[in-house]
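Shown next: target.cif, containing mmCIF, C-alpha atoms.
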```cif
data_final
#
loop_
_atom_site.label_atom_id
_atom_site.label_comp_id
_atom_site.auth_asym_id
_atom_site.auth_seq_id
_atom_site.Cartn_x
_atom_site.Cartn_y
_atom_site.Cartn_z
CA MET A 1 0.00 0.00 0.00
CA SER A 2 1.49 3.31 -1.02
CA ALA A 3 1.83 5.93 1.68
CA PRO A 4 -1.16 8.33 1.45
CA ARG A 5 -0.64 12.06 1.39
CA ALA A 6 -2.14 13.38 4.56
CA VAL A 7 -2.56 16.56 6.47
CA VAL A 8 -1.58 15.04 9.79
CA ARG A 9 -0.13 16.61 12.89
CA LEU A 10 -0.01 13.40 14.85
CA LEU A 11 2.92 11.83 16.56
CA ARG A 12 5.71 11.10 14.12
CA PRO A 13 6.71 7.58 14.93
CA LEU A 14 9.78 6.19 13.24
CA CYS A 15 9.40 3.87 10.30
CA THR A 16 12.77 2.23 10.25
CA SER A 17 14.48 -0.41 8.19
CA ASN A 18 17.29 -0.53 10.74
CA SER A 19 18.00 0.86 14.19
CA ASN A 20 19.79 3.94 12.83
CA ALA A 21 17.20 4.96 10.27
CA SER A 22 15.15 8.08 10.91
CA LEU A 23 12.54 8.05 8.17
CA ILE A 24 9.50 9.60 9.83
CA PHE A 25 6.09 10.55 8.56
CA THR A 26 5.39 14.25 8.44
CA ARG A 27 2.40 16.50 7.78
CA ARG A 28 2.25 15.28 4.19
CA THR A 29 3.28 11.61 4.27
CA MET A 30 2.93 8.67 6.58
CA CYS A 31 4.94 5.46 6.91
CA VAL A 32 2.55 2.60 7.63
CA THR A 33 2.58 -1.15 7.41
CA LYS A 34 1.33 -2.77 4.22
CA LYS A 35 -1.39 -4.90 5.75
CA ALA A 36 -5.00 -3.78 5.26
CA ILE A 37 -6.27 -1.11 7.64
CA PRO A 38 -8.94 -2.68 9.90
CA LYS A 39 -12.49 -1.43 10.34
CA PRO A 40 -13.95 -0.62 13.79
CA LYS A 41 -15.71 -4.00 13.96
CA GLU A 42 -12.43 -5.79 13.22
CA VAL A 43 -10.64 -3.75 15.88
CA ARG A 44 -13.22 -4.82 18.46
CA LYS A 45 -12.79 -8.47 17.46
CA GLU A 46 -9.02 -8.17 17.87
CA LEU A 47 -9.50 -6.60 21.30
CA GLN A 48 -11.72 -9.50 22.33
CA SER A 49 -8.93 -11.86 21.30
CA ILE A 50 -6.30 -9.85 23.21
CA VAL A 51 -8.22 -9.94 26.50
CA GLY A 52 -9.85 -13.35 25.96
CA ALA A 53 -13.31 -11.79 26.10
CA THR A 54 -16.47 -13.38 24.76
CA LYS A 55 -19.86 -11.78 24.25
CA ILE A 56 -21.61 -13.49 27.14
CA SER A 57 -23.90 -12.25 29.87
CA SER A 58 -22.35 -14.18 32.77
CA PHE A 59 -18.98 -15.50 33.87
CA SER A 60 -18.37 -19.14 34.73
CA ASP A 61 -16.25 -20.51 37.57
CA GLN A 62 -13.64 -21.57 35.01
CA GLN A 63 -13.39 -18.03 33.68
CA ASN A 64 -12.94 -16.73 37.22
CA LEU A 65 -10.08 -19.20 37.69
CA ASP A 66 -8.54 -17.99 34.41
CA ILE A 67 -8.67 -14.41 35.69
CA LEU A 68 -6.80 -15.42 38.84
CA LYS A 69 -4.14 -17.13 36.73
CA LEU A 70 -3.75 -14.00 34.60
CA SER A 71 -3.23 -11.90 37.73
CA SER A 72 -0.17 -13.96 38.59
CA LEU A 73 1.49 -12.91 35.31
CA LEU A 74 1.66 -9.22 36.22
CA VAL A 75 5.15 -7.84 36.88
CA ASN A 76 6.16 -5.98 40.02
CA ASP A 77 8.68 -3.62 38.47
CA GLN A 78 8.62 -1.66 35.21
CA SER A 79 12.21 -2.70 34.46
CA GLU A 80 10.91 -6.23 33.83
CA LEU A 81 9.03 -4.99 30.74
CA LYS A 82 10.50 -4.17 27.35
CA THR A 83 10.96 -0.46 26.59
CA ARG A 84 8.82 0.66 23.66
CA CYS A 85 9.11 3.47 21.13
CA MET A 86 6.22 5.45 19.71
CA LYS A 87 6.05 3.57 16.42
CA ASP A 88 5.33 0.32 18.28
CA SER A 89 1.85 1.48 19.24
CA TYR A 90 0.92 3.30 16.02
CA ARG A 91 -2.41 2.00 14.73
CA GLU A 92 -4.94 3.01 12.07
CA CYS A 93 -8.61 2.24 11.61
CA ILE A 94 -10.79 2.95 8.58
CA ILE A 95 -14.54 3.71 8.62
CA PRO A 96 -15.63 2.91 5.02
CA LEU A 97 -18.59 5.24 4.68
CA SER A 98 -18.08 5.59 0.91
CA THR A 99 -18.83 1.92 0.22
CA ASP A 100 -20.68 0.50 3.24
CA HIS A 101 -24.17 1.98 3.00
CA LYS A 102 -25.48 0.10 6.04
CA LEU A 103 -22.64 1.46 8.15
CA ARG A 104 -23.25 4.93 6.72
CA ASP A 105 -26.79 4.88 8.09
CA ARG A 106 -25.37 4.40 11.61
CA TYR A 107 -23.08 7.42 11.25
CA MET A 108 -25.11 9.86 9.15
CA THR A 109 -27.01 12.83 10.59
CA VAL A 110 -30.25 14.12 9.16
CA LEU A 111 -28.23 16.82 7.34
CA LYS A 112 -25.93 14.21 5.75
CA GLY A 113 -23.11 14.96 8.15
CA VAL A 114 -21.44 12.50 10.55
CA ARG A 115 -22.64 11.85 14.11
CA PHE A 116 -19.94 13.04 16.46
CA GLY A 117 -21.21 10.63 19.11
CA ARG A 118 -20.25 7.70 16.86
CA ILE A 119 -16.76 9.17 16.45
CA LEU A 120 -16.45 9.36 20.24
CA GLU A 121 -17.25 5.65 20.46
CA ASP A 122 -14.59 4.81 17.88
CA LEU A 123 -12.00 7.04 19.55
CA ASP A 124 -12.54 5.23 22.84
CA THR A 125 -12.13 1.85 21.13
CA MET A 126 -9.01 3.02 19.32
CA ALA A 127 -7.44 4.34 22.51
CA VAL A 128 -7.85 0.95 24.19
CA TRP A 129 -6.41 -0.85 21.13
CA ILE A 130 -3.41 1.46 21.02
CA GLY A 131 -2.87 0.94 24.74
CA TYR A 132 -2.77 -2.84 24.31
CA SER A 133 -0.47 -2.46 21.29
CA HIS A 134 2.02 -0.61 23.48
CA ASN A 135 1.81 -3.38 26.09
CA ASP A 136 2.14 -6.38 23.78
CA ASN A 137 4.25 -8.81 25.85
CA PRO A 138 3.56 -12.37 24.58
CA GLU A 139 6.85 -13.62 26.03
CA ILE A 140 5.52 -12.76 29.52
CA TYR A 141 1.74 -12.80 29.22
CA GLY A 142 1.20 -15.41 26.52
CA GLN A 143 -1.65 -14.96 24.04
CA VAL A 144 -4.10 -13.30 26.47
CA SER A 145 -3.17 -10.04 28.17
CA PRO A 146 -3.74 -9.83 31.95
CA LEU A 147 -4.08 -6.05 31.73
CA VAL A 148 -7.38 -4.23 31.95
CA ILE A 149 -6.82 -0.98 30.04
CA VAL A 150 -9.53 1.63 30.53
CA THR A 151 -10.07 5.32 29.84
CA ALA A 152 -9.35 7.45 32.89
CA LEU A 153 -9.70 10.87 31.26
CA VAL A 154 -10.49 12.40 27.90
CA ASP A 155 -8.01 15.22 28.28
CA ARG A 156 -8.96 17.15 25.16
CA ILE A 157 -10.71 16.79 21.80
CA ASP A 158 -10.46 19.69 19.35
CA LEU A 159 -12.52 19.91 16.19
CA LYS A 160 -11.60 21.89 13.09
CA HIS A 161 -14.09 24.19 11.41
CA GLU A 162 -14.62 21.81 8.49
CA GLU A 163 -17.54 19.41 8.79
CA PHE A 164 -17.44 15.69 8.09
CA VAL A 165 -19.58 14.41 5.22
CA ALA A 166 -21.29 11.05 5.33
CA ASP A 167 -20.29 9.65 1.93
CA ARG A 168 -16.49 9.68 2.34
CA ASP A 169 -14.22 7.37 4.31
CA ILE A 170 -12.93 8.35 7.74
CA LYS A 171 -9.62 7.24 9.20
CA ILE A 172 -8.51 7.31 12.83
CA ALA A 173 -4.79 7.03 13.59
CA GLY A 174 -2.80 7.41 16.77
CA HIS A 175 -0.19 6.15 19.20
CA VAL A 176 1.14 6.47 22.75
CA THR A 177 3.00 9.74 23.39
CA TRP A 178 3.67 9.59 27.13
CA VAL A 179 3.91 6.84 29.74
CA GLY A 180 4.01 6.86 33.51
CA LYS A 181 4.19 3.77 35.68
CA THR A 182 0.58 2.65 35.26
CA SER A 183 -0.84 5.22 32.82
CA MET A 184 -0.42 6.25 29.19
CA GLU A 185 -1.37 9.29 27.14
CA ILE A 186 -2.59 8.58 23.63
CA GLU A 187 -2.85 11.09 20.81
CA MET A 188 -5.17 10.41 17.89
CA GLY A 189 -6.25 12.20 14.75
CA VAL A 190 -9.51 11.72 12.87
CA MET A 191 -9.19 12.33 9.14
CA GLN A 192 -11.48 12.34 6.12
CA GLU A 193 -10.46 11.85 2.53
CA LEU A 194 -11.02 14.90 0.34
CA ASN A 195 -9.75 15.13 -3.24
CA GLY A 196 -7.42 12.19 -2.73
CA GLU A 197 -5.85 13.52 0.46
CA TRP A 198 -6.48 12.77 4.13
CA HIS A 199 -7.41 15.95 6.02
CA GLU A 200 -7.31 15.94 9.82
CA LEU A 201 -10.54 17.31 11.29
CA ILE A 202 -10.25 16.15 14.92
CA LYS A 203 -7.34 15.94 17.34
CA ALA A 204 -7.87 13.88 20.51
CA HIS A 205 -5.86 13.14 23.68
CA PHE A 206 -6.88 10.27 25.97
CA LEU A 207 -5.33 9.25 29.28
CA MET A 208 -5.50 5.49 29.79
CA VAL A 209 -4.75 3.47 32.92
CA ALA A 210 -3.89 -0.20 33.35
CA ARG A 211 -5.52 -2.33 36.04
CA ASP A 212 -5.19 -5.93 37.14
CA PRO A 213 -7.69 -8.51 35.76
CA LEU A 214 -9.93 -8.09 38.81
CA ASN A 215 -9.81 -4.28 38.39
CA LYS A 216 -8.79 -3.88 42.02
CA ARG A 217 -5.30 -2.40 41.73
CA ALA A 218 -3.09 -0.59 39.25
CA ALA A 219 -0.93 -2.59 36.84
CA ILE A 220 2.48 -1.61 35.46
CA VAL A 221 2.80 -0.70 31.77
CA ASN A 222 5.76 -0.86 29.39
CA PRO A 223 8.11 2.14 29.58
CA LEU A 224 8.42 4.49 26.60
CA ALA A 225 11.67 5.87 25.17
CA PRO A 226 11.51 8.78 22.70
CA VAL A 227 14.02 8.33 19.87
CA ASN A 228 14.30 11.82 18.34
CA ASP A 229 13.76 15.47 19.21
CA GLU A 230 10.14 15.54 18.11
CA GLU A 231 9.23 12.47 20.14
CA ARG A 232 11.05 13.92 23.13
CA ALA A 233 8.97 17.08 22.71
CA LEU A 234 5.77 15.01 22.67
CA PHE A 235 6.87 13.12 25.77
CA GLN A 236 7.76 16.35 27.57
CA LYS A 237 4.38 17.77 26.62
CA GLY A 238 2.83 14.82 28.44
CA GLU A 239 4.89 15.61 31.53
CA VAL A 240 3.74 19.23 31.43
CA LYS A 241 0.09 18.21 31.08
CA ARG A 242 0.39 15.83 34.01
CA ALA A 243 1.70 18.69 36.17
CA LEU A 244 -1.07 20.97 34.86
CA ARG A 245 -3.74 18.42 35.76
CA GLN A 246 -2.40 18.27 39.29
CA GLN A 247 -2.36 22.07 39.47
CA GLN A 248 -5.96 22.27 38.27
CA LYS A 249 -6.94 19.64 40.81
CA ASP A 250 -5.32 21.67 43.58
CA GLN A 251 -7.11 24.82 42.39
CA SER A 252 -10.50 23.17 42.08
CA LEU A 253 -13.42 25.21 43.37
CA MET A 254 -14.25 22.18 45.51
CA LYS A 255 -11.06 22.94 47.47
CA VAL A 256 -10.26 26.66 47.20
CA PRO A 257 -12.34 29.83 46.70
CA PRO A 258 -12.42 31.70 43.37
CA ASN A 259 -9.51 34.03 42.68
CA GLN A 260 -9.85 37.81 42.85
CA GLU A 261 -10.96 38.22 39.23
CA GLU A 262 -13.51 35.42 39.53
CA GLY A 263 -14.80 36.82 42.83
CA ASP A 264 -15.36 40.18 41.15
CA ILE A 265 -17.26 38.45 38.34
CA VAL A 266 -19.55 36.69 40.82
CA HIS A 267 -20.26 39.95 42.64
CA GLY A 268 -20.96 41.67 39.31
CA LEU A 269 -23.50 38.97 38.43
CA PHE A 270 -25.07 39.41 41.86
CA LEU A 271 -25.48 43.14 41.28
CA GLU A 272 -27.07 42.50 37.89
CA ILE A 273 -29.85 40.30 39.26
CA ILE A 274 -30.66 42.28 42.42
CA ASP A 275 -33.49 44.81 42.12
CA PRO A 276 -31.93 48.02 43.49
CA GLU A 277 -35.35 49.58 44.11
CA ALA A 278 -36.51 46.72 46.35
CA GLY A 279 -34.04 47.42 49.12
CA THR A 280 -33.61 43.69 49.83
CA PHE A 281 -31.40 40.83 48.75
CA LYS A 282 -34.38 38.52 48.35
CA ARG A 283 -35.93 40.10 45.26
CA THR A 284 -34.22 39.32 41.96
CA LYS A 285 -34.81 40.29 38.34
CA LYS A 286 -33.65 38.58 35.20
CA PRO A 287 -31.53 40.87 33.01
CA GLU A 288 -32.81 41.40 29.49
CA GLY A 289 -31.55 38.86 26.97
CA SER A 290 -30.64 36.30 29.60
CA MET A 291 -31.89 33.00 31.03
CA TRP A 292 -31.70 31.61 34.53
CA MET A 293 -29.27 28.71 34.88
CA GLU A 294 -31.93 26.63 36.62
CA GLU A 295 -34.04 26.87 33.45
CA ALA A 296 -31.27 25.60 31.13
CA ILE A 297 -31.30 21.97 32.26
CA LEU A 298 -32.17 18.90 30.20
CA LYS A 299 -32.14 15.37 31.65
CA ASN A 300 -32.70 11.79 30.60
CA ILE A 301 -32.31 8.26 31.97
CA HIS A 302 -31.13 4.98 30.45
CA ILE A 303 -31.33 1.36 31.51
CA CYS A 304 -27.80 -0.06 31.12
CA GLN A 305 -28.13 -3.18 29.00
CA TRP A 306 -25.70 -5.98 28.15
CA GLU A 307 -25.48 -5.00 24.49
CA ASN A 308 -23.56 -1.82 25.43
CA ARG A 309 -21.00 -3.45 27.72
CA ASN A 310 -17.25 -3.31 27.16
CA LEU A 311 -14.62 -6.05 27.12
CA TYR A 312 -14.74 -6.36 30.90
CA GLY A 313 -18.49 -6.57 31.48
CA LYS A 314 -18.97 -2.89 32.39
CA MET A 315 -20.72 -0.25 30.31
CA PHE A 316 -18.69 0.88 27.29
CA GLY A 317 -17.14 4.31 27.87
CA GLY A 318 -17.77 5.34 24.26
CA PHE A 319 -21.48 4.64 24.73
CA LEU A 320 -21.54 6.89 27.79
CA MET A 321 -19.76 9.68 25.90
CA ARG A 322 -22.15 9.40 22.96
CA ARG A 323 -25.21 9.57 25.18
CA ALA A 324 -23.82 12.53 27.12
CA PHE A 325 -22.88 14.40 23.95
CA GLU A 326 -26.25 13.87 22.29
CA LEU A 327 -28.05 15.15 25.39
CA ALA A 328 -25.71 18.16 25.58
CA TRP A 329 -26.29 18.92 21.89
CA CYS A 330 -30.08 18.76 22.35
CA ASN A 331 -29.85 21.14 25.30
CA ALA A 332 -27.64 23.58 23.37
CA SER A 333 -30.02 23.43 20.42
CA VAL A 334 -33.09 24.11 22.57
CA TYR A 335 -31.26 26.90 24.41
CA SER A 336 -30.06 28.71 21.29
CA HIS A 337 -32.83 27.76 18.81
CA THR A 338 -30.09 26.72 16.37
CA ARG A 339 -28.21 23.59 15.29
CA PRO A 340 -24.97 24.21 17.21
CA ARG A 341 -21.59 22.74 16.27
CA VAL A 342 -19.35 21.15 18.88
CA ILE A 343 -15.87 22.69 18.79
CA ALA A 344 -14.20 21.06 21.80
CA VAL A 345 -14.51 18.37 24.43
CA ASP A 346 -12.31 18.46 27.50
CA ASP A 347 -11.72 16.99 30.91
CA ILE A 348 -14.12 14.04 30.72
CA MET A 349 -13.48 12.18 33.94
CA PHE A 350 -14.30 8.50 34.37
CA GLN A 351 -14.62 8.32 38.13
CA ALA A 352 -16.28 4.93 38.48
CA PRO A 353 -17.39 2.09 36.18
CA VAL A 354 -21.04 1.84 35.24
CA GLU A 355 -22.49 -1.56 36.01
CA VAL A 356 -24.82 -3.39 33.65
CA GLY A 357 -28.35 -3.19 35.05
CA SER A 358 -27.86 0.23 36.58
CA LEU A 359 -30.09 3.19 35.88
CA LEU A 360 -27.95 5.89 34.28
CA TYR A 361 -29.07 9.45 35.00
CA LEU A 362 -27.67 12.16 32.71
CA SER A 363 -28.20 15.83 33.51
CA SER A 364 -26.98 18.54 31.11
CA GLN A 365 -26.76 22.20 32.07
CA VAL A 366 -25.65 25.38 30.35
CA VAL A 367 -23.00 26.79 32.67
CA TYR A 368 -21.42 29.60 30.65
CA THR A 369 -22.07 31.60 27.49
CA ASP A 370 -19.99 34.01 25.45
CA GLY A 371 -21.29 35.54 22.23
CA PRO A 372 -22.23 32.64 19.93
CA CYS A 373 -20.71 29.99 22.21
CA ILE A 374 -22.24 27.74 24.87
CA GLN A 375 -20.33 25.82 27.55
CA MET A 376 -22.21 22.70 28.62
CA LYS A 377 -21.67 20.38 31.57
CA VAL A 378 -23.18 16.91 31.76
CA HIS A 379 -23.26 15.05 35.08
CA ALA A 380 -23.70 11.28 35.01
CA GLU A 381 -24.69 9.18 37.97
CA THR A 382 -25.92 5.65 38.43
CA VAL A 383 -28.69 4.43 40.67
CA ASP A 384 -28.88 0.89 41.97
CA PRO A 385 -32.66 0.35 41.85
CA LEU A 386 -32.51 -2.27 44.62
CA LYS A 387 -30.22 -0.43 47.04
CA ALA A 388 -31.32 3.09 46.02
CA GLU A 389 -27.66 4.16 45.96
CA HIS A 390 -26.52 7.11 43.85
CA LYS A 391 -22.95 7.34 42.56
CA THR A 392 -21.33 9.93 40.28
CA THR A 393 -19.57 8.12 37.44
CA ASN A 394 -18.68 10.80 34.89
CA VAL A 395 -18.52 14.53 34.35
CA PHE A 396 -18.48 15.77 30.74
CA HIS A 397 -17.62 19.22 29.35
CA PHE A 398 -18.61 20.28 25.82
CA THR A 399 -18.13 23.60 24.03
CA PHE A 400 -20.61 24.49 21.27
CA LYS A 401 -20.67 27.30 18.74
CA THR A 402 -23.87 28.55 17.12
CA ASP A 403 -24.46 30.41 13.87
CA ILE A 404 -25.96 33.46 15.60
CA PRO A 405 -23.98 36.45 16.92
CA LYS A 406 -25.11 36.06 20.52
CA VAL A 407 -26.97 33.45 22.52
CA PRO A 408 -28.93 34.39 25.67
CA ARG A 409 -26.65 35.03 28.63
CA ILE A 410 -26.78 32.37 31.30
CA MET A 411 -27.38 33.84 34.77
CA PRO A 412 -26.79 32.05 38.08
CA LYS A 413 -29.00 32.75 41.08
CA SER A 414 -27.34 30.88 43.93
CA TYR A 415 -23.73 30.58 45.08
CA ILE A 416 -23.64 26.97 43.89
CA GLU A 417 -24.74 28.06 40.44
CA ALA A 418 -22.16 30.86 40.52
CA MET A 419 -19.44 28.26 41.16
CA MET A 420 -20.73 26.23 38.21
CA TYR A 421 -20.55 29.41 36.14
CA ILE A 422 -16.95 30.07 37.16
CA ASP A 423 -15.97 26.44 36.53
CA GLY A 424 -17.64 26.59 33.11
CA ARG A 425 -15.80 29.82 32.36
CA ARG A 426 -12.49 28.15 33.22
CA HIS A 427 -13.18 25.29 30.80
CA TYR A 428 -14.31 27.71 28.10
CA LEU A 429 -11.25 29.94 28.41
CA GLU A 430 -8.97 26.91 28.26
CA THR A 431 -10.77 25.69 25.16
CA MET A 432 -10.42 29.08 23.49
CA GLY A 433 -6.77 29.36 24.49
CA GLN A 434 -7.36 32.30 26.84
CA SER A 435 -6.60 30.68 30.21
#
```
Target format structure tokens, applied to this file:
Amino acid sequence: MSAPRAVVRLLRPLCTSNSNASLIFTRRTMCVTKKAIPKPKEVRKELQSIVGATKISSFSDQQNLDILKLSSLLVNDQSELKTRCMKDSYRECIIPLSTDHKLRDRYMTVLKGVRFGRILEDLDTMAVWIGYSHNDNPEIYGQVSPLVIVTALVDRIDLKHEEFVADRDIKIAGHVTWVGKTSMEIEMGVMQELNGEWHELIKAHFLMVARDPLNKRAAIVNPLAPVNDEERALFQKGEVKRALRQQQKDQSLMKVPPNQEEGDIVHGLFLEIIDPEAGTFKRTKKPEGSMWMEEAILKNIHICQWENRNLYGKMFGGFLMRRAFELAWCNASVYSHTRPRVIAVDDIMFQAPVEVGSLLYLSSQVVYTDGPCIQMKVHAETVDPLKAEHKTTNVFHFTFKTDIPKVPRIMPKSYIEAMMYIDGRRHYLETMGQS
């Protein structure tokens, strides 16, 4: 297969014929293996083979014994695992929308575009596949990997202005760019073929973690060694982002009060909604051209069924992201009376697995607005219908842009809503590169 010309700003893994070669793929060309690029369905089948998973609704005693045996294969020190380079984990997947009409129906929107929720599902699958590719250790593990690799965080997804169309093929490519002891950062690009060239329309960064087969403790992953200046820059970028995540965690509004600028903003909002003629703090008025935050909520509920489970018998993370995105889009559309376009996804936290049989509550809320843009937060929690226990599983952040100059301003009433406003503003400014 000849190397396609591509507008790609991914990785740059080495494609070497010997240890000293430095032939890398750039923005215009890519070095890839000659075997056929798999489709999403084929990737999922390969993943089932890697983890020894079968599409069943229960686990036998024999399978439980196999899991215990796999646990004994895990290493205790990272030095026991082979050091990888970035090219080792490079993988591609093709979504053949130009020829597979049945598949196209699953991806196509009513306006003949491509459903972003479906792309989220495929990105999550790809990230897991790439993670296992980095940790391919048959000499230690045998044919079935003892690792459980799951998405811990969708750090960032940026979308270009160009829209996908439903009658052209889509390709997803990516690899590991940073590795800790038990975690990996994966960078992926989503491209569509236009005029014989692959154009990148989405850039995505996922943080994956490895667990033991019982999903009770962290598992060690293969180390990563950059081999040139560009790979070292990618690796260092991962180090910087890890430090930034810790800094953001330390500065969370759940731990510390807003800074001076944010405090002034909250007080300014307070002055806007207080009726100065009433002489009391209890009487409020809604500023013209605005909407109360409590009125900008849209919710739904799902029964978590077996058909949407992942390789490990929990609910598939891509399914959760798709459901959250589609609810957020509906809310943004109702709020703005437009068909908004998602421009960024960031900081999707997977705090706890979602069990099959749970009731999944999704609640979307407009938390910040700026001109034509809407910042949306979706909170996911599960309810055990027998125990009546509620547990937060995910928090999603989406940024939408409308085709009108200005959407209604979102206005908080309470201090809790004001904190949601400030948190939404932080996410929005980071998305727009203003933080």
Study note, to complete from the structure: Of A:Glu230, A:Glu163, A:Glu295, A:Asp403, the one sitting nearest A:Gly113 when using only C-alpha atoms is A:Glu163
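The spacing separating atom CA of A:Lys299 from atom CA of A:Ala328 amounts to 9.3 Å.
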Determine, using only C-alpha atoms, which residues of stretch 170-284 of chain A have any atom at most 7 Å from an atom of stretch 94-100 of chain A, and tabulate each with its shortest atom pair and distance in Å to one decimal place, rows ordered by chain and then rising number, as JSON lines.
```
{"residue": "A:Ile170", "atom": "CA", "partner": "A:Ile95", "partner_atom": "CA", "distance": 5.0}
{"residue": "A:Lys171", "atom": "CA", "partner": "A:Ile94", "partner_atom": "CA", "distance": 4.5}
{"residue": "A:Ile172", "atom": "CA", "partner": "A:Ile94", "partner_atom": "CA", "distance": 6.5}
```
Output the residue selection produced by the PyMOL selection byres ((chain A and resi 83-86) around 12) on the file above, formatted as a PDB file with C-alpha atoms, in the coordinates of the input.
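This is the output file out.pdb:
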```pdb
ATOM      1  CA  LEU A  10      -0.010  13.400  14.850  1.00  0.00           C
ATOM      2  CA  LEU A  11       2.920  11.830  16.560  1.00  0.00           C
ATOM      3  CA  ARG A  12       5.710  11.100  14.120  1.00  0.00           C
ATOM      4  CA  PRO A  13       6.710   7.580  14.930  1.00  0.00           C
ATOM      5  CA  LEU A  14       9.780   6.190  13.240  1.00  0.00           C
ATOM      6  CA  CYS A  15       9.400   3.870  10.300  1.00  0.00           C
ATOM      7  CA  THR A  16      12.770   2.230  10.250  1.00  0.00           C
ATOM      8  CA  SER A  19      18.000   0.860  14.190  1.00  0.00           C
ATOM      9  CA  ILE A  24       9.500   9.600   9.830  1.00  0.00           C
ATOM     10  CA  GLN A  78       8.620  -1.660  35.210  1.00  0.00           C
ATOM     11  CA  SER A  79      12.210  -2.700  34.460  1.00  0.00           C
ATOM     12  CA  GLU A  80      10.910  -6.230  33.830  1.00  0.00           C
ATOM     13  CA  LEU A  81       9.030  -4.990  30.740  1.00  0.00           C
ATOM     14  CA  LYS A  82      10.500  -4.170  27.350  1.00  0.00           C
ATOM     15  CA  LYS A  87       6.050   3.570  16.420  1.00  0.00           C
ATOM     16  CA  ASP A  88       5.330   0.320  18.280  1.00  0.00           C
ATOM     17  CA  SER A  89       1.850   1.480  19.240  1.00  0.00           C
ATOM     18  CA  TYR A  90       0.920   3.300  16.020  1.00  0.00           C
ATOM     19  CA  ARG A  91      -2.410   2.000  14.730  1.00  0.00           C
ATOM     20  CA  ILE A 130      -3.410   1.460  21.020  1.00  0.00           C
ATOM     21  CA  GLY A 131      -2.870   0.940  24.740  1.00  0.00           C
ATOM     22  CA  SER A 133      -0.470  -2.460  21.290  1.00  0.00           C
ATOM     23  CA  HIS A 134       2.020  -0.610  23.480  1.00  0.00           C
ATOM     24  CA  ASN A 135       1.810  -3.380  26.090  1.00  0.00           C
ATOM     25  CA  ASP A 136       2.140  -6.380  23.780  1.00  0.00           C
ATOM     26  CA  ASN A 137       4.250  -8.810  25.850  1.00  0.00           C
ATOM     27  CA  GLY A 174      -2.800   7.410  16.770  1.00  0.00           C
ATOM     28  CA  HIS A 175      -0.190   6.150  19.200  1.00  0.00           C
ATOM     29  CA  VAL A 176       1.140   6.470  22.750  1.00  0.00           C
ATOM     30  CA  THR A 177       3.000   9.740  23.390  1.00  0.00           C
ATOM     31  CA  TRP A 178       3.670   9.590  27.130  1.00  0.00           C
ATOM     32  CA  VAL A 179       3.910   6.840  29.740  1.00  0.00           C
ATOM     33  CA  MET A 184      -0.420   6.250  29.190  1.00  0.00           C
ATOM     34  CA  GLU A 185      -1.370   9.290  27.140  1.00  0.00           C
ATOM     35  CA  ILE A 186      -2.590   8.580  23.630  1.00  0.00           C
ATOM     36  CA  GLU A 187      -2.850  11.090  20.810  1.00  0.00           C
ATOM     37  CA  VAL A 221       2.800  -0.700  31.770  1.00  0.00           C
ATOM     38  CA  ASN A 222       5.760  -0.860  29.390  1.00  0.00           C
ATOM     39  CA  PRO A 223       8.110   2.140  29.580  1.00  0.00           C
ATOM     40  CA  LEU A 224       8.420   4.490  26.600  1.00  0.00           C
ATOM     41  CA  ALA A 225      11.670   5.870  25.170  1.00  0.00           C
ATOM     42  CA  PRO A 226      11.510   8.780  22.700  1.00  0.00           C
ATOM     43  CA  VAL A 227      14.020   8.330  19.870  1.00  0.00           C
ATOM     44  CA  ASN A 228      14.300  11.820  18.340  1.00  0.00           C
ATOM     45  CA  GLU A 230      10.140  15.540  18.110  1.00  0.00           C
ATOM     46  CA  GLU A 231       9.230  12.470  20.140  1.00  0.00           C
ATOM     47  CA  ARG A 232      11.050  13.920  23.130  1.00  0.00           C
ATOM     48  CA  LEU A 234       5.770  15.010  22.670  1.00  0.00           C
ATOM     49  CA  PHE A 235       6.870  13.120  25.770  1.00  0.00           C
TER      50      PHE A 235
END
```
Review point. Of the candidates A:Leu194, A:Leu429, A:Val240, A:Met376, which one gets nearest to A:Ile297 if we count only C-alpha atoms?
Key: A:Met376
Mind dumping a table of every stretch 245-311 of chain A residue within 6 Å of stretch 407-418 of chain A, with the nearest atom pair and its distance in Å to one decimal, using only C-alpha atoms, sorted by chain and rising number, as JSON lines?
```
{"residue": "A:Gly289", "atom": "CA", "partner": "A:Pro408", "partner_atom": "CA", "distance": 5.3}
{"residue": "A:Ser290", "atom": "CA", "partner": "A:Arg409", "partner_atom": "CA", "distance": 4.3}
{"residue": "A:Met291", "atom": "CA", "partner": "A:Ile410", "partner_atom": "CA", "distance": 5.2}
{"residue": "A:Trp292", "atom": "CA", "partner": "A:Met411", "partner_atom": "CA", "distance": 4.9}
{"residue": "A:Met293", "atom": "CA", "partner": "A:Pro412", "partner_atom": "CA", "distance": 5.2}
```
Review point. How many Å separate atom CA of A:Leu362 from atom CA of A:Phe325?
Key: 10.2 Å
Exercise for review: Grab the atom CA of A:Leu269 to atom CA of A:Ala332 distance for me, in Å with one decimal place.
Suggested key: 21.9 Å
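Residues captured in this structure file are Asp264, Ile265, Val266, His267, Gly268, Leu269, Phe270, Glu272, Ile273, Ile274, Asp275, Pro276, Thr280, Phe281, Arg283, Thr284, Lys285, Lys286, Pro287, Met411, Pro412 and Lys413 of chain A, according to the PyMOL selection byres ((chain A and resi 271) around 12).
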**Study point:** Option closest in space to A:Val209, from A:Gly189, A:Gly52, A:Gly180, A:Pro40 [counting all atoms listed in the file]
**Key:** A:Gly180
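When all atoms listed in the file are used to measure the gap to A:Pro213, the shortest distance among A:Val334, A:Glu307, A:Leu70, A:Glu197 belongs to A:Leu70.
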